[in-house]
$ cat coords_9.csv   # CSV, C-alpha atoms
chain,number,residue,atom,x,y,z
B,1157,MET,CA,77.6,115.1,122.7
B,1158,GLU,CA,79.2,118.2,124.2
B,1159,LEU,CA,76.6,120.4,125.9
B,1160,SER,CA,77.0,124.0,127.1
B,1161,PHE,CA,76.5,125.2,130.6
B,1162,VAL,CA,73.2,126.7,129.7
B,1163,GLU,CA,71.9,123.6,127.9
B,1164,GLU,CA,72.8,121.4,130.9
B,1165,ASN,CA,70.9,123.8,133.2
B,1166,TYR,CA,67.8,123.7,131.0
B,1167,LEU,CA,67.8,119.9,130.9
B,1168,LYS,CA,68.1,119.7,134.6
B,1169,ALA,CA,65.3,122.2,135.0
B,1170,ILE,CA,63.0,120.3,132.6
B,1171,TYR,CA,63.7,117.1,134.5
B,1172,GLN,CA,62.8,118.7,137.8
B,1173,LEU,CA,59.6,120.2,136.4
B,1174,GLU,CA,58.6,116.9,134.7
B,1175,LEU,CA,58.6,115.2,138.1
B,1176,GLU,CA,55.8,117.6,139.0
B,1177,ASN,CA,54.0,117.5,135.6
B,1178,PRO,CA,54.8,114.4,133.6
B,1179,SER,CA,52.5,115.5,130.8
B,1180,GLY,CA,54.9,118.2,129.7
B,1181,VAL,CA,56.8,121.3,130.9
B,1182,SER,CA,55.3,124.6,129.7
B,1183,THR,CA,57.5,127.5,128.5
B,1184,THR,CA,56.1,129.7,131.3
B,1185,ALA,CA,57.0,127.2,134.0
B,1186,LEU,CA,60.5,126.8,132.6
B,1187,ALA,CA,60.9,130.6,132.3
B,1188,GLU,CA,60.0,130.9,136.0
B,1189,LYS,CA,62.4,128.1,137.0
B,1190,THR,CA,65.3,129.4,135.0
B,1191,LYS,CA,64.5,133.1,135.6
B,1192,THR,CA,64.6,133.7,131.9
B,1193,LYS,CA,62.3,135.5,129.4
B,1194,PRO,CA,59.8,133.2,127.7
B,1195,ALA,CA,61.1,134.1,124.2
B,1196,SER,CA,64.6,133.0,125.3
B,1197,VAL,CA,63.2,129.8,126.7
B,1198,SER,CA,61.4,129.0,123.4
B,1199,ASP,CA,64.6,129.6,121.4
B,1200,MET,CA,66.5,127.2,123.7
B,1201,LEU,CA,63.8,124.5,123.5
B,1202,LYS,CA,64.0,124.6,119.7
B,1203,LYS,CA,67.8,124.1,120.0
B,1204,LEU,CA,67.4,121.2,122.4
B,1205,ALA,CA,64.8,119.6,120.1
B,1206,GLN,CA,67.1,119.9,117.1
B,1207,LYS,CA,69.7,118.0,119.2
B,1208,GLU,CA,67.0,115.4,119.9
B,1209,LEU,CA,67.4,116.0,123.7
B,1210,ILE,CA,63.7,116.9,124.1
B,1211,PHE,CA,60.4,116.5,122.4
B,1212,TYR,CA,58.9,119.9,122.0
B,1213,LYS,CA,55.8,121.3,120.4
B,1214,LYS,CA,54.7,124.9,120.7
B,1215,TYR,CA,51.8,125.3,123.2
B,1216,GLN,CA,52.2,121.7,124.3
B,1217,GLY,CA,55.3,121.9,126.3
B,1218,ALA,CA,58.6,120.0,126.4
B,1219,LYS,CA,59.5,116.4,127.6
B,1220,LEU,CA,63.0,114.9,127.8
B,1221,SER,CA,64.0,112.3,125.2
B,1222,LYS,CA,66.0,109.3,126.4
B,1223,SER,CA,69.3,111.0,125.6
B,1224,GLY,CA,68.0,114.2,127.2
B,1225,LEU,CA,67.1,112.3,130.4
B,1226,GLN,CA,70.5,110.7,130.5
B,1227,ALA,CA,72.2,114.0,130.2
B,1228,ALA,CA,70.0,115.6,132.9
B,1229,LEU,CA,70.7,112.7,135.3
B,1230,LEU,CA,74.4,113.0,134.7
B,1231,VAL,CA,74.3,116.7,135.7
B,1232,ILE,CA,72.2,115.9,138.8
B,1233,ARG,CA,74.6,113.0,139.7
B,1234,LYS,CA,77.6,115.4,139.6
B,1235,HIS,CA,75.7,118.0,141.6
B,1236,ARG,CA,74.7,115.7,144.4
B,1237,LEU,CA,78.1,114.0,144.6
B,1238,TRP,CA,79.8,117.4,145.0
B,1239,GLU,CA,77.3,118.3,147.7
B,1240,VAL,CA,78.3,115.1,149.6
B,1241,PHE,CA,82.0,116.0,149.2
B,1242,LEU,CA,81.5,119.6,150.3
B,1243,VAL,CA,79.7,118.6,153.5
B,1244,LYS,CA,81.8,115.5,154.4
B,1245,HIS,CA,85.2,116.8,153.5
B,1246,LEU,CA,85.2,120.6,153.4
B,1247,SER,CA,82.9,121.2,156.4
B,1248,PHE,CA,80.2,123.1,154.4
B,1249,ALA,CA,76.8,123.2,156.1
B,1250,TRP,CA,73.9,121.6,154.1
B,1251,ASP,CA,72.5,125.1,153.5
B,1252,GLU,CA,75.7,126.3,151.9
B,1253,VAL,CA,76.4,123.7,149.3
B,1254,HIS,CA,73.8,124.2,146.6
B,1255,GLU,CA,75.3,127.3,144.9
B,1256,VAL,CA,78.9,125.8,144.9
B,1257,ALA,CA,77.6,122.5,143.5
B,1258,GLU,CA,75.8,124.4,140.8
B,1259,GLN,CA,79.2,125.5,139.5
B,1260,LEU,CA,81.0,122.1,140.0
B,1261,GLU,CA,78.2,120.1,138.3
B,1262,HIS,CA,79.4,121.4,134.9
B,1263,ILE,CA,82.9,119.8,135.1
B,1264,LYS,CA,83.2,117.5,132.0
B,1265,SER,CA,85.7,114.9,133.2
B,1266,ASN,CA,83.8,111.6,133.7
B,1267,LEU,CA,86.9,110.0,135.2
B,1268,LEU,CA,87.0,112.7,137.9
B,1269,ILE,CA,83.3,112.0,138.8
B,1270,LYS,CA,84.0,108.3,138.8
B,1271,ARG,CA,86.9,108.7,141.2
B,1272,LEU,CA,84.9,111.2,143.3
B,1273,ASP,CA,82.1,108.6,143.7
B,1274,GLN,CA,84.7,105.9,144.6
B,1275,PHE,CA,86.4,108.3,147.1
B,1276,LEU,CA,83.1,109.1,148.8
B,1277,GLY,CA,82.2,105.3,149.1
B,1278,TYR,CA,79.4,105.3,146.5
B,1279,PRO,CA,76.9,107.3,148.5
B,1280,LYS,CA,73.2,106.7,147.7
B,1281,GLU,CA,71.9,110.1,148.8
B,1282,ASP,CA,73.0,113.7,149.0
B,1283,PRO,CA,73.0,115.8,152.3
B,1284,HIS,CA,69.4,116.7,151.7
B,1285,GLY,CA,68.2,113.1,151.3
B,1286,ASP,CA,67.9,113.2,147.5
B,1287,PRO,CA,68.9,110.0,145.7
B,1288,ILE,CA,72.1,110.1,143.6
B,1289,PRO,CA,71.9,108.6,140.1
B,1290,ASN,CA,74.6,105.9,139.5
B,1291,GLU,CA,77.0,106.2,136.6
B,1292,ASN,CA,74.5,104.4,134.3
B,1293,GLY,CA,72.0,107.1,135.0
B,1294,GLU,CA,69.8,104.8,137.2
B,1295,ILE,CA,68.1,106.5,140.1
B,1296,ILE,CA,66.6,104.5,143.0
B,1297,GLU,CA,63.8,106.4,144.8
B,1298,ILE,CA,63.4,105.4,148.4
B,1299,PRO,CA,59.7,105.4,149.4
B,1300,LYS,CA,59.0,108.5,151.6
B,1301,ILE,CA,56.0,110.5,152.6
B,1302,LEU,CA,55.5,114.2,153.6
B,1303,LEU,CA,55.4,114.7,157.4
B,1304,SER,CA,52.1,116.6,156.9
B,1305,ASP,CA,50.5,113.4,155.5
B,1306,PHE,CA,52.1,111.0,158.0
B,1307,THR,CA,50.1,109.0,160.6
B,1308,THR,CA,49.8,110.5,164.1
B,1309,GLY,CA,51.5,108.3,166.8
B,1310,LYS,CA,53.7,106.3,164.4
B,1311,LYS,CA,57.5,106.4,164.6
B,1312,ALA,CA,59.4,107.8,161.6
B,1313,GLN,CA,62.8,109.2,160.6
B,1314,ILE,CA,63.4,112.4,158.6
B,1315,SER,CA,64.7,111.1,155.3
B,1316,ALA,CA,64.7,114.2,153.0
B,1317,VAL,CA,63.6,117.7,152.5
B,1318,LYS,CA,61.3,119.0,149.8
B,1319,GLU,CA,62.3,122.7,150.3
B,1320,SER,CA,66.1,123.2,150.2
B,1321,SER,CA,66.4,127.0,150.5
B,1322,PRO,CA,69.1,128.2,152.9
B,1323,LEU,CA,66.4,129.8,155.2
B,1324,PHE,CA,64.5,126.6,155.5
B,1325,LEU,CA,67.6,124.5,156.2
B,1326,GLN,CA,68.8,127.0,158.7
B,1327,TYR,CA,65.4,126.8,160.5
B,1328,LEU,CA,65.8,123.0,160.6
B,1329,ASP,CA,69.3,123.4,162.1
B,1330,LYS,CA,67.8,125.7,164.7
B,1331,ILE,CA,65.3,123.1,165.9
B,1332,LYS,CA,68.0,120.3,165.4
B,1333,ALA,CA,65.9,118.5,162.8
B,1334,GLY,CA,68.3,116.7,160.4
B,1335,ILE,CA,68.3,113.7,158.1
B,1336,GLY,CA,68.0,110.7,160.3
B,1337,SER,CA,66.3,112.5,163.2
B,1338,ASN,CA,63.6,110.4,164.9
B,1339,ILE,CA,60.1,112.0,164.8
B,1340,ILE,CA,56.6,111.2,166.0
B,1341,ILE,CA,53.5,113.3,165.4
B,1342,GLN,CA,51.8,113.6,168.8
B,1343,GLU,CA,48.9,115.8,167.9
B,1344,ARG,CA,47.5,117.7,165.0
B,1345,ILE,CA,46.2,121.2,166.0
B,1346,ALA,CA,42.8,121.6,164.3
B,1347,PHE,CA,42.9,125.4,164.3
B,1348,ASP,CA,45.8,125.8,161.9
B,1349,ASN,CA,47.0,122.2,161.1
B,1350,SER,CA,50.2,122.8,163.0
B,1351,LEU,CA,51.8,119.7,164.6
B,1352,GLU,CA,53.0,118.9,168.1
B,1353,ILE,CA,55.9,116.5,167.5
B,1354,LEU,CA,58.4,114.5,169.5
B,1355,LEU,CA,61.7,115.1,167.8
B,1356,ASP,CA,64.6,113.0,169.2
B,1357,ASP,CA,62.8,113.0,172.6
B,1358,ARG,CA,62.1,116.8,172.5
B,1359,THR,CA,58.5,118.1,172.2
B,1360,LEU,CA,58.2,120.9,169.6
B,1361,TYR,CA,55.4,122.7,167.6
B,1362,ILE,CA,55.9,123.2,163.9
B,1363,SER,CA,53.7,124.8,161.3
B,1364,GLU,CA,51.8,123.1,158.5
B,1365,GLU,CA,54.1,124.7,156.0
B,1366,VAL,CA,57.2,123.2,157.7
B,1367,ALA,CA,55.5,119.8,157.8
B,1368,LYS,CA,54.7,120.0,154.1
B,1369,ASN,CA,58.5,120.3,153.3
B,1370,ILE,CA,59.9,117.4,155.3
B,1371,TYR,CA,59.9,113.9,154.0
B,1372,VAL,CA,59.9,110.9,156.4
B,1373,THR,CA,60.1,107.1,156.2
B,1374,GLU,CA,58.4,104.9,158.7
B,1375,ASP,CA,60.7,103.5,161.3
$ encode --input "coords_9.csv" --output "C-alpha coordinates"
Amino acid sequence: MELSFVEENYLKAIYQLELENPSGVSTTALAEKTKTKPASVSDMLKKLAQKELIFYKKYQGAKLSKSGLQAALLVIRKHRLWEVFLVKHLSFAWDEVHEVAEQLEHIKSNLLIKRLDQFLGYPKEDPHGDPIPNENGEIIEIPKILLSDFTTGKKAQISAVKESSPLFLQYLDKIKAGIGSNIIIQERIAFDNSLEILLDDRTLYISEEVAKNIYVTED
(Lines of atoms letter the chains of each structure in order from A and count residues from 1; the text may use other names and numbers.)
(Lines give C-alpha, C1' and ligand atoms only; values in the text may rest on other atoms or scores of the structure.)
Protein backbone atom coordinates (compact mmCIF):
# COMPACT_ATOMS: atom_id res chain seq x y z
CA MET A 1 0.00 0.00 0.00
CA GLU A 2 1.45 3.34 -1.06
CA LEU A 3 1.30 5.86 1.77
CA SER A 4 1.78 9.61 1.65
CA PHE A 5 4.45 11.51 3.54
CA VAL A 6 1.81 12.80 5.97
CA GLU A 7 0.23 9.38 6.53
CA GLU A 8 3.62 7.88 7.38
CA ASN A 9 4.28 10.68 9.85
CA TYR A 10 0.95 10.06 11.56
CA LEU A 11 1.56 6.32 11.86
CA LYS A 12 4.98 6.95 13.36
CA ALA A 13 3.54 9.48 15.81
CA ILE A 14 0.75 7.08 16.86
CA TYR A 15 3.34 4.34 17.42
CA GLN A 16 5.46 6.60 19.63
CA LEU A 17 2.45 7.77 21.64
CA GLU A 18 1.12 4.21 22.02
CA LEU A 19 4.35 3.28 23.78
CA GLU A 20 3.41 5.79 26.48
CA ASN A 21 -0.33 5.01 26.47
CA PRO A 22 -1.14 1.50 25.15
CA SER A 23 -4.86 1.94 25.77
CA GLY A 24 -5.16 4.39 22.87
CA VAL A 25 -3.88 7.69 21.51
CA SER A 26 -6.14 10.71 21.92
CA THR A 27 -6.74 13.28 19.21
CA THR A 28 -5.38 15.97 21.54
CA ALA A 29 -2.12 14.10 22.16
CA LEU A 30 -1.69 13.46 18.45
CA ALA A 31 -2.41 17.11 17.62
CA GLU A 32 0.31 18.19 20.07
CA LYS A 33 2.74 15.61 18.71
CA THR A 34 2.21 16.54 15.06
CA LYS A 35 1.66 20.27 15.71
CA THR A 36 -1.65 20.04 13.84
CA LYS A 37 -5.18 21.27 14.59
CA PRO A 38 -7.44 18.65 16.26
CA ALA A 39 -9.95 18.85 13.40
CA SER A 40 -7.24 17.98 10.86
CA VAL A 41 -6.08 15.12 13.08
CA SER A 42 -9.63 13.71 13.23
CA ASP A 43 -9.88 13.81 9.42
CA MET A 44 -6.57 11.96 9.04
CA LEU A 45 -7.54 9.33 11.61
CA LYS A 46 -10.71 8.62 9.65
CA LYS A 47 -8.65 8.15 6.47
CA LEU A 48 -6.19 5.82 8.21
CA ALA A 49 -9.08 3.83 9.67
CA GLN A 50 -10.62 3.46 6.20
CA LYS A 51 -7.30 2.02 5.01
CA GLU A 52 -7.41 -0.39 7.99
CA LEU A 53 -4.12 1.00 9.33
CA ILE A 54 -5.62 1.97 12.69
CA PHE A 55 -8.59 1.22 14.92
CA TYR A 56 -10.32 4.49 15.68
CA LYS A 57 -13.43 5.52 17.56
CA LYS A 58 -14.29 9.10 18.33
CA TYR A 59 -13.57 10.02 21.97
CA GLN A 60 -11.81 6.66 22.51
CA GLY A 61 -8.60 7.34 20.63
CA ALA A 62 -6.60 5.45 18.00
CA LYS A 63 -4.55 2.26 18.01
CA LEU A 64 -2.42 0.83 15.22
CA SER A 65 -3.68 -2.26 13.42
CA LYS A 66 -1.21 -5.00 12.48
CA SER A 67 -0.65 -3.46 9.03
CA GLY A 68 -0.40 0.02 10.56
CA LEU A 69 2.21 -1.19 13.03
CA GLN A 70 4.28 -2.74 10.22
CA ALA A 71 4.10 0.49 8.24
CA ALA A 72 5.12 2.57 11.27
CA LEU A 73 8.04 0.29 12.07
CA LEU A 74 9.27 0.48 8.46
CA VAL A 75 9.40 4.27 8.67
CA ILE A 76 11.20 4.07 12.02
CA ARG A 77 13.64 1.49 10.58
CA LYS A 78 14.52 3.81 7.69
CA HIS A 79 14.87 6.81 10.01
CA ARG A 80 17.25 5.06 12.40
CA LEU A 81 19.35 3.47 9.66
CA TRP A 82 19.80 6.86 8.03
CA GLU A 83 20.84 8.32 11.38
CA VAL A 84 23.56 5.65 11.67
CA PHE A 85 24.74 6.41 8.12
CA LEU A 86 24.84 10.16 8.72
CA VAL A 87 26.88 9.82 11.91
CA LYS A 88 29.25 7.07 10.78
CA HIS A 89 29.87 8.08 7.18
CA LEU A 90 29.01 11.77 6.76
CA SER A 91 30.42 13.05 10.08
CA PHE A 92 27.12 14.41 11.40
CA ALA A 93 26.91 14.86 15.17
CA TRP A 94 24.18 12.95 16.98
CA ASP A 95 22.32 16.23 17.65
CA GLU A 96 22.23 17.06 13.91
CA VAL A 97 20.80 13.92 12.36
CA HIS A 98 17.12 13.89 13.35
CA GLU A 99 15.80 16.51 10.94
CA VAL A 100 17.76 15.11 7.99
CA ALA A 101 16.60 11.55 8.77
CA GLU A 102 13.01 12.86 8.94
CA GLN A 103 13.32 13.67 5.24
CA LEU A 104 15.18 10.49 4.25
CA GLU A 105 12.77 8.15 6.07
CA HIS A 106 10.16 8.64 3.35
CA ILE A 107 12.28 7.17 0.54
CA LYS A 108 10.22 4.34 -0.96
CA SER A 109 12.92 1.98 -2.32
CA ASN A 110 13.01 -1.16 -0.16
CA LEU A 111 16.08 -2.33 -2.07
CA LEU A 112 17.95 0.85 -1.11
CA ILE A 113 17.14 0.33 2.57
CA LYS A 114 18.14 -3.33 2.36
CA ARG A 115 21.48 -2.34 0.80
CA LEU A 116 21.93 0.45 3.35
CA ASP A 117 21.42 -1.99 6.22
CA GLN A 118 23.95 -4.37 4.66
CA PHE A 119 26.45 -1.55 4.05
CA LEU A 120 26.22 -0.45 7.68
CA GLY A 121 26.80 -4.00 8.95
CA TYR A 122 23.23 -4.58 10.19
CA PRO A 123 23.35 -2.20 13.18
CA LYS A 124 21.06 -2.98 16.10
CA GLU A 125 20.79 0.57 17.49
CA ASP A 126 20.84 4.12 16.20
CA PRO A 127 23.24 6.82 17.50
CA HIS A 128 20.83 7.62 20.36
CA GLY A 129 20.64 4.01 21.54
CA ASP A 130 17.19 3.31 20.10
CA PRO A 131 16.70 -0.21 18.64
CA ILE A 132 16.44 -0.54 14.85
CA PRO A 133 13.62 -2.77 13.58
CA ASN A 134 14.79 -5.48 11.17
CA GLU A 135 13.37 -5.86 7.66
CA ASN A 136 10.55 -8.04 9.02
CA GLY A 137 9.46 -5.24 11.35
CA GLU A 138 10.74 -7.05 14.44
CA ILE A 139 12.19 -4.85 17.14
CA ILE A 140 14.29 -6.16 20.01
CA GLU A 141 14.21 -3.92 23.07
CA ILE A 142 17.34 -4.12 25.20
CA PRO A 143 16.49 -3.92 28.93
CA LYS A 144 17.40 -0.50 30.27
CA ILE A 145 16.54 1.74 33.20
CA LEU A 146 16.51 5.48 33.72
CA LEU A 147 19.57 6.76 35.52
CA SER A 148 17.27 8.52 38.00
CA ASP A 149 15.95 5.08 39.07
CA PHE A 150 19.28 3.26 39.10
CA THR A 151 20.95 1.89 42.23
CA THR A 152 23.57 4.05 43.94
CA GLY A 153 27.06 2.52 43.86
CA LYS A 154 26.46 0.04 41.01
CA LYS A 155 28.38 0.24 37.73
CA ALA A 156 26.43 0.96 34.55
CA GLN A 157 26.83 2.14 30.99
CA ILE A 158 24.85 4.83 29.22
CA SER A 159 22.79 2.88 26.67
CA ALA A 160 20.27 5.40 25.27
CA VAL A 161 18.67 8.78 25.77
CA LYS A 162 15.00 9.46 26.41
CA GLU A 163 15.25 13.11 25.36
CA SER A 164 16.86 13.61 21.96
CA SER A 165 16.50 17.36 21.44
CA PRO A 166 19.65 19.08 20.11
CA LEU A 167 20.03 21.15 23.30
CA PHE A 168 20.04 18.06 25.52
CA LEU A 169 22.44 16.14 23.26
CA GLN A 170 24.74 19.17 23.10
CA TYR A 171 24.74 19.27 26.91
CA LEU A 172 25.72 15.59 27.05
CA ASP A 173 28.51 16.30 24.57
CA LYS A 174 29.70 19.15 26.80
CA ILE A 175 30.03 16.83 29.81
CA LYS A 176 31.39 14.04 27.55
CA ALA A 177 28.51 11.66 28.32
CA GLY A 178 27.84 9.46 25.30
CA ILE A 179 26.46 6.04 24.49
CA GLY A 180 28.80 3.51 26.10
CA SER A 181 30.15 5.87 28.78
CA ASN A 182 30.71 4.21 32.15
CA ILE A 183 28.74 5.71 35.01
CA ILE A 184 28.28 5.20 38.75
CA ILE A 185 25.93 7.15 41.02
CA GLN A 186 28.04 8.10 44.01
CA GLU A 187 25.45 10.10 45.94
CA ARG A 188 21.86 11.35 45.68
CA ILE A 189 21.51 14.89 46.98
CA ALA A 190 18.37 14.97 49.15
CA PHE A 191 17.75 18.69 48.67
CA ASP A 192 16.94 18.58 44.95
CA ASN A 193 17.45 14.92 43.90
CA SER A 194 20.49 15.87 41.86
CA LEU A 195 23.21 13.24 41.53
CA GLU A 196 26.91 13.11 42.14
CA ILE A 197 28.20 10.70 39.50
CA LEU A 198 31.46 9.15 38.42
CA LEU A 199 31.49 9.42 34.63
CA ASP A 200 34.45 7.64 33.01
CA ASP A 201 36.52 8.38 36.14
CA ARG A 202 35.41 12.04 36.34
CA THR A 203 33.23 13.27 39.21
CA LEU A 204 30.30 15.44 38.07
CA TYR A 205 27.00 16.73 39.40
CA ILE A 206 23.89 16.45 37.23
CA SER A 207 20.30 17.53 37.82
CA GLU A 208 17.37 15.20 38.39
CA GLU A 209 15.95 16.32 35.01
CA VAL A 210 19.10 15.17 33.22
CA ALA A 211 19.08 11.84 35.09
CA LYS A 212 15.44 11.28 34.05
CA ASN A 213 16.46 11.47 30.38
CA ILE A 214 19.41 9.06 30.36
CA TYR A 215 18.96 5.29 30.08
CA VAL A 216 21.58 2.93 31.47
CA THR A 217 22.23 -0.82 31.53
CA GLU A 218 23.94 -2.52 34.43
CA ASP A 219 27.57 -3.28 33.71
$ atom_distance --input "coords_9.csv" --atom1 "atom CA of Val1253 of chain B" --atom2 "atom CA of Leu1268 of chain B"
19.1 Å
$ atom_distance --input "coords_9.csv" --atom1 "atom CA of Ala1333 of chain B" --atom2 "atom CA of Ser1350 of chain B"
16.3 Å
$ residues_around --input "coords_9.csv" --residues "Leu1175 of chain B" --least-positions-apart "6" --cutoff "12 Å" --atoms "all atoms listed in the file" --output "ChimeraX atom specification"
/B:1168-1169,1181,1219-1220,1225
$ atom_distance --input "coords_9.csv" --atom1 "atom CA of Lys1207 of chain B" --atom2 "atom CA of Asp1273 of chain B"
29.0 Å
$ axis_aligned_box --input "coords_9.csv" --around "segment 1211-1215 of chain B" --padding-each-side "4 Å" --output "AutoDock Vina command-line options"
--center_x 56.1 --center_y 120.9 --center_z 121.8 --size_x 16.6 --size_y 16.8 --size_z 10.8
$ closest_residue --input "coords_9.csv" --among "B:Ser1304, B:Gln1259, B:Ser1247, B:Gln1226" --to "Val1366 of chain B" --atoms "all atoms listed in the file"
B:Ser1304
$ residues_around --input "coords_9.csv" --residues "Glu1365 of chain B" --least-positions-apart "3" --cutoff "10 Å" --atoms "all atoms listed in the file" --output "JSON, numbers by chain"
{"B": [1304, 1349, 1350, 1362, 1368, 1369, 1370]}
$ closest_residue --input "coords_9.csv" --among "B:Leu1303, B:Ala1312, B:Val1162, B:Ile1295" --to "Ser1196 of chain B" --atoms "all atoms listed in the file"
B:Val1162
$ decode --input "coords_9.csv" --residues "segment 1199-1215 of chain B" --atoms "all heavy atoms" --output "short mmCIF file (atom, residue, chain, number, x, y, z; two decimals), in the first residue's frame"
data_model
loop_
_atom_site.label_atom_id
_atom_site.label_comp_id
_atom_site.auth_asym_id
_atom_site.auth_seq_id
_atom_site.Cartn_x
_atom_site.Cartn_y
_atom_site.Cartn_z
N ASP B 1199 -9.70 14.16 10.84
CA ASP B 1199 -9.88 13.81 9.42
C ASP B 1199 -8.87 12.75 8.99
O ASP B 1199 -9.21 11.79 8.29
CB ASP B 1199 -9.72 15.06 8.54
CG ASP B 1199 -10.90 16.02 8.68
OD1 ASP B 1199 -11.95 15.58 9.17
OD2 ASP B 1199 -10.75 17.20 8.31
N MET B 1200 -7.61 12.93 9.42
CA MET B 1200 -6.57 11.96 9.04
C MET B 1200 -6.82 10.60 9.68
O MET B 1200 -6.62 9.56 9.06
CB MET B 1200 -5.19 12.49 9.42
CG MET B 1200 -4.05 11.53 9.12
SD MET B 1200 -3.97 10.97 7.39
CE MET B 1200 -3.42 12.48 6.58
N LEU B 1201 -7.26 10.60 10.93
CA LEU B 1201 -7.54 9.33 11.61
C LEU B 1201 -8.64 8.56 10.90
O LEU B 1201 -8.58 7.33 10.79
CB LEU B 1201 -7.91 9.58 13.07
CG LEU B 1201 -6.77 10.09 13.97
CD1 LEU B 1201 -7.29 10.35 15.39
CD2 LEU B 1201 -5.61 9.11 14.01
N LYS B 1202 -9.63 9.27 10.41
CA LYS B 1202 -10.71 8.62 9.65
C LYS B 1202 -10.15 7.98 8.37
O LYS B 1202 -10.53 6.85 8.00
CB LYS B 1202 -11.80 9.63 9.31
CG LYS B 1202 -12.60 10.09 10.52
CD LYS B 1202 -13.56 11.22 10.16
CE LYS B 1202 -14.26 11.77 11.39
NZ LYS B 1202 -15.10 12.95 11.07
N LYS B 1203 -9.26 8.68 7.70
CA LYS B 1203 -8.65 8.15 6.47
C LYS B 1203 -7.81 6.91 6.77
O LYS B 1203 -7.87 5.91 6.05
CB LYS B 1203 -7.76 9.22 5.82
CG LYS B 1203 -8.53 10.37 5.21
CD LYS B 1203 -7.58 11.41 4.61
CE LYS B 1203 -8.35 12.60 4.06
NZ LYS B 1203 -7.43 13.64 3.51
N LEU B 1204 -7.03 6.97 7.85
CA LEU B 1204 -6.19 5.82 8.21
C LEU B 1204 -7.05 4.63 8.63
O LEU B 1204 -6.69 3.48 8.37
CB LEU B 1204 -5.23 6.22 9.34
CG LEU B 1204 -4.16 7.27 8.98
CD1 LEU B 1204 -3.37 7.66 10.23
CD2 LEU B 1204 -3.21 6.75 7.90
N ALA B 1205 -8.17 4.91 9.27
CA ALA B 1205 -9.08 3.83 9.67
C ALA B 1205 -9.72 3.18 8.44
O ALA B 1205 -9.89 1.96 8.39
CB ALA B 1205 -10.16 4.38 10.60
N GLN B 1206 -10.05 3.99 7.45
CA GLN B 1206 -10.62 3.46 6.20
C GLN B 1206 -9.62 2.54 5.48
O GLN B 1206 -10.01 1.57 4.82
CB GLN B 1206 -11.04 4.61 5.29
CG GLN B 1206 -12.29 5.34 5.75
CD GLN B 1206 -12.57 6.60 4.94
OE1 GLN B 1206 -11.81 6.96 4.05
NE2 GLN B 1206 -13.69 7.26 5.25
N LYS B 1207 -8.34 2.84 5.62
CA LYS B 1207 -7.30 2.02 5.01
C LYS B 1207 -6.92 0.83 5.91
O LYS B 1207 -5.98 0.10 5.60
CB LYS B 1207 -6.06 2.87 4.71
CG LYS B 1207 -6.28 3.90 3.62
CD LYS B 1207 -4.97 4.61 3.25
CE LYS B 1207 -5.18 5.55 2.08
NZ LYS B 1207 -3.91 6.19 1.65
N GLU B 1208 -7.62 0.70 7.02
CA GLU B 1208 -7.41 -0.39 7.99
C GLU B 1208 -6.00 -0.37 8.58
O GLU B 1208 -5.43 -1.40 8.92
CB GLU B 1208 -7.72 -1.75 7.35
CG GLU B 1208 -9.17 -1.87 6.89
CD GLU B 1208 -9.49 -3.25 6.33
OE1 GLU B 1208 -8.56 -4.01 6.04
OE2 GLU B 1208 -10.68 -3.55 6.20
N LEU B 1209 -5.44 0.84 8.72
CA LEU B 1209 -4.12 1.00 9.33
C LEU B 1209 -4.22 1.27 10.83
O LEU B 1209 -3.26 1.09 11.56
CB LEU B 1209 -3.36 2.14 8.65
CG LEU B 1209 -3.00 1.88 7.18
CD1 LEU B 1209 -2.57 3.16 6.50
CD2 LEU B 1209 -1.88 0.84 7.09
N ILE B 1210 -5.39 1.73 11.26
CA ILE B 1210 -5.62 1.97 12.69
C ILE B 1210 -7.04 1.53 13.06
O ILE B 1210 -7.91 1.38 12.19
CB ILE B 1210 -5.44 3.46 13.07
CG1 ILE B 1210 -6.50 4.33 12.37
CG2 ILE B 1210 -4.03 3.95 12.76
CD1 ILE B 1210 -6.56 5.76 12.90
N PHE B 1211 -7.25 1.36 14.36
CA PHE B 1211 -8.59 1.22 14.92
C PHE B 1211 -8.91 2.57 15.57
O PHE B 1211 -8.13 3.07 16.37
CB PHE B 1211 -8.63 0.11 15.97
CG PHE B 1211 -8.20 -1.23 15.43
CD1 PHE B 1211 -6.97 -1.76 15.79
CD2 PHE B 1211 -9.02 -1.95 14.57
CE1 PHE B 1211 -6.56 -3.00 15.30
CE2 PHE B 1211 -8.62 -3.19 14.08
CZ PHE B 1211 -7.39 -3.71 14.45
N TYR B 1212 -10.02 3.14 15.19
CA TYR B 1212 -10.32 4.49 15.68
C TYR B 1212 -11.80 4.65 15.98
O TYR B 1212 -12.66 4.32 15.17
CB TYR B 1212 -9.90 5.54 14.64
CG TYR B 1212 -10.35 6.95 14.96
CD1 TYR B 1212 -9.91 7.60 16.10
CD2 TYR B 1212 -11.23 7.62 14.11
CE1 TYR B 1212 -10.31 8.89 16.39
CE2 TYR B 1212 -11.64 8.92 14.38
CZ TYR B 1212 -11.18 9.55 15.53
OH TYR B 1212 -11.59 10.83 15.82
N LYS B 1213 -12.07 5.14 17.18
CA LYS B 1213 -13.43 5.52 17.56
C LYS B 1213 -13.36 6.90 18.21
O LYS B 1213 -12.49 7.15 19.04
CB LYS B 1213 -14.02 4.52 18.57
CG LYS B 1213 -14.42 3.19 17.96
CD LYS B 1213 -15.15 2.32 18.97
CE LYS B 1213 -15.59 1.00 18.34
NZ LYS B 1213 -16.30 0.14 19.32
N LYS B 1214 -14.26 7.75 17.79
CA LYS B 1214 -14.29 9.10 18.33
C LYS B 1214 -14.42 9.06 19.85
O LYS B 1214 -15.18 8.27 20.40
CB LYS B 1214 -15.49 9.86 17.73
CG LYS B 1214 -15.38 11.37 17.86
CD LYS B 1214 -16.49 12.06 17.08
CE LYS B 1214 -16.36 13.57 17.20
NZ LYS B 1214 -17.42 14.27 16.44
N TYR B 1215 -13.62 9.89 20.51
CA TYR B 1215 -13.57 10.02 21.97
C TYR B 1215 -12.88 8.84 22.66
O TYR B 1215 -12.70 8.84 23.87
CB TYR B 1215 -14.96 10.22 22.58
CG TYR B 1215 -15.74 11.36 21.97
CD1 TYR B 1215 -16.97 11.14 21.35
CD2 TYR B 1215 -15.24 12.67 22.00
CE1 TYR B 1215 -17.69 12.18 20.77
CE2 TYR B 1215 -15.95 13.71 21.42
CZ TYR B 1215 -17.17 13.47 20.81
OH TYR B 1215 -17.86 14.50 20.23
#
